[in-house]
>>> print(open('work.pdb').read())   # PDB, C-alpha atoms
MODEL        1
ATOM      1  CA  MET A   1     118.062 114.362 179.071  1.00  0.00           C
ATOM      2  CA  SER A   2     121.376 112.475 179.161  1.00  0.00           C
ATOM      3  CA  ASP A   3     123.128 111.139 176.048  1.00  0.00           C
ATOM      4  CA  GLU A   4     122.286 107.600 177.128  1.00  0.00           C
ATOM      5  CA  ASP A   5     118.603 108.455 177.436  1.00  0.00           C
ATOM      6  CA  ARG A   6     118.579 110.228 174.059  1.00  0.00           C
ATOM      7  CA  PHE A   7     120.265 107.253 172.413  1.00  0.00           C
ATOM      8  CA  GLU A   8     117.934 104.719 174.039  1.00  0.00           C
ATOM      9  CA  ASP A   9     114.953 106.734 172.827  1.00  0.00           C
ATOM     10  CA  LEU A  10     116.427 106.942 169.301  1.00  0.00           C
ATOM     11  CA  TYR A  11     117.131 103.205 169.292  1.00  0.00           C
ATOM     12  CA  ARG A  12     113.711 102.263 170.650  1.00  0.00           C
ATOM     13  CA  ARG A  13     111.842 104.427 168.126  1.00  0.00           C
ATOM     14  CA  HIS A  14     113.829 103.542 165.004  1.00  0.00           C
ATOM     15  CA  ARG A  15     115.513 100.152 165.355  1.00  0.00           C
ATOM     16  CA  THR A  16     112.692  98.216 163.685  1.00  0.00           C
ATOM     17  CA  ASP A  17     112.570 100.606 160.708  1.00  0.00           C
ATOM     18  CA  VAL A  18     116.346 100.506 160.287  1.00  0.00           C
ATOM     19  CA  GLU A  19     116.313  96.703 160.410  1.00  0.00           C
ATOM     20  CA  ARG A  20     113.582  96.537 157.735  1.00  0.00           C
ATOM     21  CA  PHE A  21     115.527  98.995 155.582  1.00  0.00           C
ATOM     22  CA  VAL A  22     118.698  96.894 155.880  1.00  0.00           C
ATOM     23  CA  ARG A  23     116.955  93.519 155.533  1.00  0.00           C
ATOM     24  CA  ARG A  24     115.711  94.452 152.046  1.00  0.00           C
ATOM     25  CA  ARG A  25     119.235  95.245 150.912  1.00  0.00           C
ATOM     26  CA  VAL A  26     121.679  92.712 152.327  1.00  0.00           C
ATOM     27  CA  ALA A  27     121.969  88.994 152.911  1.00  0.00           C
ATOM     28  CA  PRO A  28     120.173  87.799 156.060  1.00  0.00           C
ATOM     29  CA  ALA A  29     123.481  86.919 157.722  1.00  0.00           C
ATOM     30  CA  GLN A  30     124.631  90.566 157.483  1.00  0.00           C
ATOM     31  CA  VAL A  31     121.516  92.309 158.789  1.00  0.00           C
ATOM     32  CA  GLU A  32     122.369  92.347 162.507  1.00  0.00           C
ATOM     33  CA  ASP A  33     125.942  93.501 161.877  1.00  0.00           C
ATOM     34  CA  VAL A  34     124.841  96.380 159.671  1.00  0.00           C
ATOM     35  CA  VAL A  35     122.125  97.460 162.129  1.00  0.00           C
ATOM     36  CA  ALA A  36     124.593  97.311 165.034  1.00  0.00           C
ATOM     37  CA  ASP A  37     127.190  99.323 163.093  1.00  0.00           C
ATOM     38  CA  THR A  38     124.516 101.852 162.143  1.00  0.00           C
ATOM     39  CA  PHE A  39     123.594 102.488 165.749  1.00  0.00           C
ATOM     40  CA  LEU A  40     127.263 102.570 166.758  1.00  0.00           C
ATOM     41  CA  VAL A  41     127.792 105.428 164.312  1.00  0.00           C
ATOM     42  CA  ALA A  42     124.587 107.065 165.553  1.00  0.00           C
ATOM     43  CA  TRP A  43     125.887 106.869 169.140  1.00  0.00           C
ATOM     44  CA  ARG A  44     129.192 108.453 168.117  1.00  0.00           C
ATOM     45  CA  ARG A  45     127.387 111.218 166.199  1.00  0.00           C
ATOM     46  CA  LEU A  46     124.435 111.617 168.568  1.00  0.00           C
ATOM     47  CA  ASP A  47     124.833 115.392 168.667  1.00  0.00           C
ATOM     48  CA  ASP A  48     124.387 115.477 164.870  1.00  0.00           C
ATOM     49  CA  ALA A  49     121.046 113.636 164.973  1.00  0.00           C
ATOM     50  CA  PRO A  50     118.333 115.747 163.340  1.00  0.00           C
ATOM     51  CA  ASP A  51     114.626 115.605 163.996  1.00  0.00           C
ATOM     52  CA  PRO A  52     113.241 113.500 162.406  1.00  0.00           C
ATOM     53  CA  ALA A  53     116.132 111.045 162.768  1.00  0.00           C
ATOM     54  CA  ARG A  54     114.775 108.219 160.581  1.00  0.00           C
ATOM     55  CA  PRO A  55     116.199 109.447 157.219  1.00  0.00           C
ATOM     56  CA  TRP A  56     119.497 110.266 158.935  1.00  0.00           C
ATOM     57  CA  LEU A  57     119.682 106.712 160.305  1.00  0.00           C
ATOM     58  CA  PHE A  58     118.800 105.276 156.875  1.00  0.00           C
ATOM     59  CA  GLY A  59     121.659 107.328 155.418  1.00  0.00           C
ATOM     60  CA  ILE A  60     124.051 105.923 158.022  1.00  0.00           C
ATOM     61  CA  ALA A  61     122.791 102.393 157.301  1.00  0.00           C
ATOM     62  CA  ARG A  62     123.231 102.939 153.565  1.00  0.00           C
ATOM     63  CA  ARG A  63     126.813 104.152 153.992  1.00  0.00           C
ATOM     64  CA  THR A  64     127.497 101.228 156.344  1.00  0.00           C
ATOM     65  CA  MET A  65     126.199  98.784 153.721  1.00  0.00           C
ATOM     66  CA  LEU A  66     128.332 100.429 151.030  1.00  0.00           C
ATOM     67  CA  SER A  67     131.377 100.254 153.254  1.00  0.00           C
ATOM     68  CA  THR A  68     130.685  96.623 154.115  1.00  0.00           C
ATOM     69  CA  SER A  69     130.238  95.727 150.473  1.00  0.00           C
ATOM     70  CA  ARG A  70     133.509  97.374 149.461  1.00  0.00           C
ATOM     71  CA  SER A  71     135.338  95.324 152.069  1.00  0.00           C
ATOM     72  CA  HIS A  72     133.735  92.143 150.696  1.00  0.00           C
ATOM     73  CA  GLY A  73     134.567  93.052 147.096  1.00  0.00           C
ATOM     74  CA  ARG A  74     131.066  93.717 145.776  1.00  0.00           C
ATOM     75  CA  TRP A  75     127.587  94.915 146.719  1.00  0.00           C
ATOM     76  CA  ASN A  76     124.352  93.500 145.449  1.00  0.00           C
ATOM     77  CA  ALA A  77     122.565  96.832 145.720  1.00  0.00           C
ATOM     78  CA  LEU A  78     119.028  95.756 146.347  1.00  0.00           C
ATOM     79  CA  GLN A  79     117.599  92.274 146.676  1.00  0.00           C
ATOM     80  CA  VAL A  80     113.939  93.099 146.608  1.00  0.00           C
ATOM     81  CA  ARG A  81     111.627  90.156 147.081  1.00  0.00           C
ATOM     82  CA  VAL A  82     108.827  91.132 144.732  1.00  0.00           C
ATOM     83  CA  ALA A  83     106.618  88.246 145.748  1.00  0.00           C
ATOM     84  CA  ALA A  84     107.625  88.107 149.428  1.00  0.00           C
ATOM     85  CA  GLU A  85     104.368  89.580 150.652  1.00  0.00           C
ATOM     86  CA  PRO A  86     101.654  88.511 148.243  1.00  0.00           C
ATOM     87  CA  LYS A  87      98.578  90.663 148.070  1.00  0.00           C
ATOM     88  CA  PRO A  88      95.162  89.062 148.476  1.00  0.00           C
ATOM     89  CA  PHE A  89      94.171  87.137 145.366  1.00  0.00           C
ATOM     90  CA  ASP A  90      91.047  88.381 143.636  1.00  0.00           C
ATOM     91  CA  GLY A  91      91.607  87.732 139.941  1.00  0.00           C
ATOM     92  CA  GLU A  92      92.536  85.132 137.429  1.00  0.00           C
ATOM     93  CA  LEU A  93      95.635  83.140 138.445  1.00  0.00           C
ATOM     94  CA  ALA A  94      97.322  83.277 135.024  1.00  0.00           C
ATOM     95  CA  SER A  95      96.957  87.053 134.865  1.00  0.00           C
ATOM     96  CA  GLU A  96      98.287  87.465 138.392  1.00  0.00           C
ATOM     97  CA  VAL A  97     101.321  85.261 137.711  1.00  0.00           C
ATOM     98  CA  ALA A  98     102.034  87.032 134.412  1.00  0.00           C
ATOM     99  CA  SER A  99     101.967  90.498 135.984  1.00  0.00           C
ATOM    100  CA  ARG A 100     104.270  89.433 138.838  1.00  0.00           C
ATOM    101  CA  THR A 101     106.641  87.749 136.405  1.00  0.00           C
ATOM    102  CA  ASP A 102     106.727  90.842 134.188  1.00  0.00           C
ATOM    103  CA  LEU A 103     107.400  93.079 137.200  1.00  0.00           C
ATOM    104  CA  ALA A 104     110.193  90.816 138.473  1.00  0.00           C
ATOM    105  CA  ARG A 105     111.814  90.705 135.019  1.00  0.00           C
ATOM    106  CA  ALA A 106     111.521  94.474 134.551  1.00  0.00           C
ATOM    107  CA  TRP A 107     112.879  95.076 138.065  1.00  0.00           C
ATOM    108  CA  GLN A 108     116.013  93.072 137.272  1.00  0.00           C
ATOM    109  CA  ARG A 109     116.638  95.249 134.205  1.00  0.00           C
ATOM    110  CA  LEU A 110     116.725  98.447 136.245  1.00  0.00           C
ATOM    111  CA  ASN A 111     120.137  99.591 137.363  1.00  0.00           C
ATOM    112  CA  ASP A 112     121.075  99.655 141.050  1.00  0.00           C
ATOM    113  CA  GLY A 113     120.436 103.391 141.377  1.00  0.00           C
ATOM    114  CA  GLU A 114     116.961 103.136 139.860  1.00  0.00           C
ATOM    115  CA  ARG A 115     116.026 100.265 142.167  1.00  0.00           C
ATOM    116  CA  GLU A 116     117.356 102.202 145.138  1.00  0.00           C
ATOM    117  CA  VAL A 117     115.301 105.368 144.566  1.00  0.00           C
ATOM    118  CA  LEU A 118     112.150 103.344 143.881  1.00  0.00           C
ATOM    119  CA  THR A 119     112.499 101.248 147.039  1.00  0.00           C
ATOM    120  CA  LEU A 120     113.206 104.265 149.242  1.00  0.00           C
ATOM    121  CA  VAL A 121     109.796 105.639 148.276  1.00  0.00           C
ATOM    122  CA  ALA A 122     107.751 102.479 147.641  1.00  0.00           C
ATOM    123  CA  TRP A 123     109.047 100.031 150.244  1.00  0.00           C
ATOM    124  CA  ASP A 124     110.548 102.309 152.891  1.00  0.00           C
ATOM    125  CA  GLY A 125     107.776 104.897 152.678  1.00  0.00           C
ATOM    126  CA  LEU A 126     110.088 107.902 152.685  1.00  0.00           C
ATOM    127  CA  LYS A 127     109.081 111.295 151.418  1.00  0.00           C
ATOM    128  CA  VAL A 128     111.242 112.923 148.749  1.00  0.00           C
ATOM    129  CA  ARG A 129     113.098 115.128 151.241  1.00  0.00           C
ATOM    130  CA  GLU A 130     113.797 112.146 153.538  1.00  0.00           C
ATOM    131  CA  ALA A 131     114.963 109.925 150.683  1.00  0.00           C
ATOM    132  CA  ALA A 132     117.239 112.713 149.441  1.00  0.00           C
ATOM    133  CA  THR A 133     118.764 112.842 152.916  1.00  0.00           C
ATOM    134  CA  VAL A 134     119.415 109.092 152.769  1.00  0.00           C
ATOM    135  CA  LEU A 135     121.234 109.460 149.437  1.00  0.00           C
ATOM    136  CA  GLY A 136     122.986 112.674 150.429  1.00  0.00           C
ATOM    137  CA  CYS A 137     121.538 114.723 147.567  1.00  0.00           C
ATOM    138  CA  GLN A 138     119.165 117.641 147.107  1.00  0.00           C
ATOM    139  CA  PRO A 139     115.400 116.922 147.009  1.00  0.00           C
ATOM    140  CA  GLY A 140     115.229 118.244 143.438  1.00  0.00           C
ATOM    141  CA  THR A 141     117.953 115.842 142.359  1.00  0.00           C
ATOM    142  CA  PHE A 142     116.128 112.965 144.025  1.00  0.00           C
ATOM    143  CA  ARG A 143     112.848 113.928 142.307  1.00  0.00           C
ATOM    144  CA  VAL A 144     114.557 113.768 138.913  1.00  0.00           C
ATOM    145  CA  ARG A 145     116.129 110.375 139.711  1.00  0.00           C
ATOM    146  CA  LEU A 146     112.761 109.055 140.911  1.00  0.00           C
ATOM    147  CA  LEU A 147     110.948 110.343 137.823  1.00  0.00           C
ATOM    148  CA  ARG A 148     113.515 108.741 135.522  1.00  0.00           C
ATOM    149  CA  ALA A 149     113.411 105.433 137.409  1.00  0.00           C
ATOM    150  CA  ARG A 150     109.608 105.334 137.278  1.00  0.00           C
ATOM    151  CA  ARG A 151     109.612 106.121 133.563  1.00  0.00           C
ATOM    152  CA  HIS A 152     112.213 103.446 132.882  1.00  0.00           C
ATOM    153  CA  LEU A 153     110.273 100.821 134.853  1.00  0.00           C
ATOM    154  CA  LEU A 154     107.041 101.688 133.031  1.00  0.00           C
ATOM    155  CA  HIS A 155     108.864 101.601 129.692  1.00  0.00           C
ATOM    156  CA  LEU A 156     110.260  98.160 130.503  1.00  0.00           C
ATOM    157  CA  LEU A 157     106.830  96.874 131.536  1.00  0.00           C
ATOM    158  CA  GLU A 158     105.184  98.249 128.393  1.00  0.00           C
ATOM    159  CA  HIS A 159     107.834  96.788 126.078  1.00  0.00           C
ATOM    160  CA  MET A 160     108.538  93.477 127.790  1.00  0.00           C
ATOM    161  CA  PRO A 161     109.368  91.053 124.956  1.00  0.00           C
ATOM    162  CA  LEU A 162     107.649  87.685 125.119  1.00  0.00           C
ATOM    163  CA  THR A 163     110.759  85.969 123.759  1.00  0.00           C
ATOM    164  CA  ASP A 164     112.506  86.443 127.095  1.00  0.00           C
ATOM    165  CA  PHE A 165     109.945  84.225 128.777  1.00  0.00           C
ATOM    166  CA  PHE A 166     108.995  81.614 126.201  1.00  0.00           C
ATOM    167  CA  PRO A 167     111.607  79.297 124.649  1.00  0.00           C
ATOM    168  CA  ALA A 168     112.300  79.819 120.945  1.00  0.00           C
ATOM    169  CA  THR A 169     111.513  76.157 120.165  1.00  0.00           C
ATOM    170  CA  PRO A 170     109.145  73.822 121.943  1.00  0.00           C
ATOM    171  CA  LEU A 171     110.863  71.826 124.682  1.00  0.00           C
ATOM    172  CA  ASN A 172     109.554  68.447 123.511  1.00  0.00           C
ATOM    173  CA  GLU A 173     109.868  69.105 119.779  1.00  0.00           C
ATOM    174  CA  GLY A 174     111.702  65.866 119.023  1.00  0.00           C
ATOM    175  CA  ALA A 175     109.715  63.725 121.446  1.00  0.00           C
ATOM    176  CA  HIS A 176     106.688  63.288 119.162  1.00  0.00           C
ATOM    177  CA  ARG A 177     108.468  62.330 115.965  1.00  0.00           C
TER     178      ARG A 177
ENDMDL
END
>>> encode(input="work.pdb", output="structure tokens")
Amino acid sequence: MSDEDRFEDLYRRHRTDVERFVRRRVAPAQVEDVVADTFLVAWRRLDDAPDPARPWLFGIARRTMLSTSRSHGRWNALQVRVAAEPKPFDGELASEVASRTDLARAWQRLNDGEREVLTLVAWDGLKVREAATVLGCQPGTFRVRLLRARRHLLHLLEHMPLTDFFPATPLNEGAHR
């Protein structure tokens, strides 16, 4: 099989996954550029492509995003849209809204690294070994990071103060006097 054929097969099988991976992490205007740069690097390093190639491509995309962010002065690590794909509603509306609000607030309190390890597993569907490849670390190291991130998220959800959501004084306090 020629290099062109190998690359076309790699691109055809993984482009959609790479785009989804990138789309969750950068502004919409940057998605196509990052995906294109990812596959440019993959073409240049085609002989290094392992099987399976998906985690390897995610690692290239991640490094491309980091490089792009450094050139722009900053990187918003992960912009996860918690409510982007709502699940089917089957409960009380107030309870549903409260749980989504709590999750969104807790998510924002995680650091960039914690959000990254959680999304690699939860949103990107990677196994520990694949996610470790993306981050360039050992699977054991990734497991520890994932465990700590999960614990921190659960801790935040369990100890979410109500004062962050409700104003300290009623909004219309002076209106009825």
>>> atom_distance(input="work.pdb", atom1="atom CA of Met1 of chain A", atom2="atom CA of Arg44 of chain A")
16.7 Å
>>> atom_distance(input="work.pdb", atom1="atom CA of Leu118 of chain A", atom2="atom CA of Arg45 of chain A")
28.1 Å
>>> closest_residue(input="work.pdb", among="A:Arg143, A:Arg62, A:Arg25, A:His152", to="Trp107 of chain A", atoms="all atoms listed in the file")
A:His152
>>> resolve_selection(input="work.pdb", expression="the PyMOL selection byres ((chain A and resi 33-39) around 8)", output="ChimeraX atom specification")
/A:11,15,18-19,22,30-32,40-43,57,60-61,64-65
>>> atom_distance(input="work.pdb", atom1="atom CA of His155 of chain A", atom2="atom CA of Arg115 of chain A")
14.4 Å
>>> resolve_selection(input="work.pdb", expression="the PyMOL selection byres ((chain A and resi 130) around 12)", output="short mmCIF file (atom, residue, chain, number, x, y, z; two decimals) with C-alpha atoms, keeping the file's coordinate frame")
data_model
loop_
_atom_site.label_atom_id
_atom_site.label_comp_id
_atom_site.auth_asym_id
_atom_site.auth_seq_id
_atom_site.Cartn_x
_atom_site.Cartn_y
_atom_site.Cartn_z
CA PRO A 50 118.33 115.75 163.34
CA ASP A 51 114.63 115.60 164.00
CA PRO A 52 113.24 113.50 162.41
CA ALA A 53 116.13 111.04 162.77
CA ARG A 54 114.78 108.22 160.58
CA PRO A 55 116.20 109.45 157.22
CA TRP A 56 119.50 110.27 158.94
CA LEU A 57 119.68 106.71 160.30
CA PHE A 58 118.80 105.28 156.88
CA GLY A 59 121.66 107.33 155.42
CA VAL A 117 115.30 105.37 144.57
CA LEU A 120 113.21 104.26 149.24
CA VAL A 121 109.80 105.64 148.28
CA ASP A 124 110.55 102.31 152.89
CA GLY A 125 107.78 104.90 152.68
CA LEU A 126 110.09 107.90 152.68
CA LYS A 127 109.08 111.30 151.42
CA VAL A 128 111.24 112.92 148.75
CA ARG A 129 113.10 115.13 151.24
CA ALA A 131 114.96 109.92 150.68
CA ALA A 132 117.24 112.71 149.44
CA THR A 133 118.76 112.84 152.92
CA VAL A 134 119.42 109.09 152.77
CA LEU A 135 121.23 109.46 149.44
CA GLY A 136 122.99 112.67 150.43
CA CYS A 137 121.54 114.72 147.57
CA GLN A 138 119.16 117.64 147.11
CA PRO A 139 115.40 116.92 147.01
CA GLY A 140 115.23 118.24 143.44
CA PHE A 142 116.13 112.96 144.02
CA ARG A 143 112.85 113.93 142.31
#
>>> residues_around(input="work.pdb", residues="His159 of chain A", least_positions_apart="5", cutoff="12 Å", atoms="only C-alpha atoms", output="PyMOL selection string")
chain A and resi 102-103+105-106+152-154+164
>>> axis_aligned_box(input="work.pdb", around="segment 8-22 of chain A", padding_each_side="8 Å", output="lines of an AutoDock Vina configuration file")
center_x = 115.3
center_y = 101.7
center_z = 164.8
size_x = 22.9
size_y = 26.4
size_z = 34.5
>>> resolve_selection(input="work.pdb", expression="the PyMOL selection byres ((chain A and resi 114) around 8)", output="list in words")
Leu110, Asn111, Asp112, Gly113, Arg115, Glu116, Val117, Leu118, Arg145, Leu146, Arg148 and Ala149 of chain A
